[in-house]
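Reviewing the structure listed below.
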Amino acid sequence: MNTIEIYTSPLCGFCHAAKRLLAQKGASFAEVDVLKNPDRKAEMIKRASGGRTVPQIFIGGTHIGGCDDLYALERAGKLDALLSA
């Protein structure tokens with residue numbers, strides 16, 4: 001299974017929704033809370049090619065985008081294959 005990293009904030013509803021979908025899929029992920037670790041926010045922005053909002057999701061080292069992008073992959077039937085690759 002691909003490594004999943006997600007940059008989040010505890011105040012973000014989209015972060016909770018993205019984590020919920022991943023949990024429903026049985027996918028484990030490494031979470032980086034940018035409020036607890038503000039120095040990691042610059043890292044997130046660089047990795048996400050300027051993406052400043054949370055969540056920012058990476059699967060297998062590839063930037064997926066945010067919550068809407070994750071759900072779009074699910075609707076298109078592509079998320080399972082990406083998670084298991």
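Residues in the structure tokens are named by chain (A, B, ... in the order shown) and by number from 1 within that chain; ligands are numbered from 1 in the order shown.
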Just the residues within 12 Å of Leu83 of chain A, please, counting only C-alpha atoms, with nothing from its chain fewer than 4 positions along; format it as a PyMOL selection string. chain A and resi 1-5+21-23+25-29+58-62+64+70+73-74+77-79
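Residue-level DSSP output for segment 10-55 of chain A, from the backbone, shows helix (DSSP H, G or I) at A:Gly13, A:Phe14, A:Cys15, A:His16, A:Ala17, A:Ala18, A:Lys19, A:Arg20, A:Leu21, A:Leu22, A:Ala23, A:Gln24, A:Asp39, A:Arg40, A:Lys41, A:Ala42, A:Glu43, A:Met44, A:Ile45, A:Lys46, A:Arg47.
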Using only C-alpha atoms, the best pick from A:His16, A:Lys36, A:Lys41, A:Arg52 as closest to Gly65 of chain A would be A:Arg52
Based on the backbone DSSP call, show me all residues of segment 10-69 of chain A assigned strand (DSSP E), as a ChimeraX atom specification. /A:30-33,56-59,62-65
Restricted to C-alpha atoms, what would the selected residues look like written as a PDB file, in the first residue's frame?
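Final output, saved to part_32.pdb:
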ATOM      1  CA  ALA A  30       0.764  10.080   8.557  1.00  0.00           C
ATOM      2  CA  GLU A  31      -0.822  13.331   9.676  1.00  0.00           C
ATOM      3  CA  VAL A  32       1.059  16.610  10.058  1.00  0.00           C
ATOM      4  CA  ASP A  33      -0.866  19.173  12.099  1.00  0.00           C
ATOM      5  CA  GLN A  56      -2.847  18.851   1.358  1.00  0.00           C
ATOM      6  CA  ILE A  57      -2.728  15.139   0.573  1.00  0.00           C
ATOM      7  CA  PHE A  58       0.132  13.068  -0.827  1.00  0.00           C
ATOM      8  CA  ILE A  59      -0.230   9.421  -1.838  1.00  0.00           C
ATOM      9  CA  THR A  62       2.435  12.289  -5.400  1.00  0.00           C
ATOM     10  CA  HIS A  63       0.508  15.435  -4.563  1.00  0.00           C
ATOM     11  CA  ILE A  64      -3.202  14.631  -4.826  1.00  0.00           C
ATOM     12  CA  GLY A  65      -4.487  18.023  -3.726  1.00  0.00           C
TER      13      GLY A  65
END
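By chain and then residue number, the residues within 9 Å of Cys15 of chain A are Ile6, Tyr7, Thr8, Ser9, Pro10, Arg20, Val54, Pro55, Gln56, Gly66 and Cys67 of chain A, counting only C-alpha atoms and disregarding those fewer than 5 positions away in sequence.
The space between atom CA of Ser49 of chain A and atom CA of Asp68 of chain A spans 17.1 Å.
Going from atom CA of Cys12 of chain A to atom CA of Ala85 of chain A covers 28.2 Å.
Pairwise distance (atom CA of Ala81 of chain A, atom CA of Arg40 of chain A) equals 28.7 Å.
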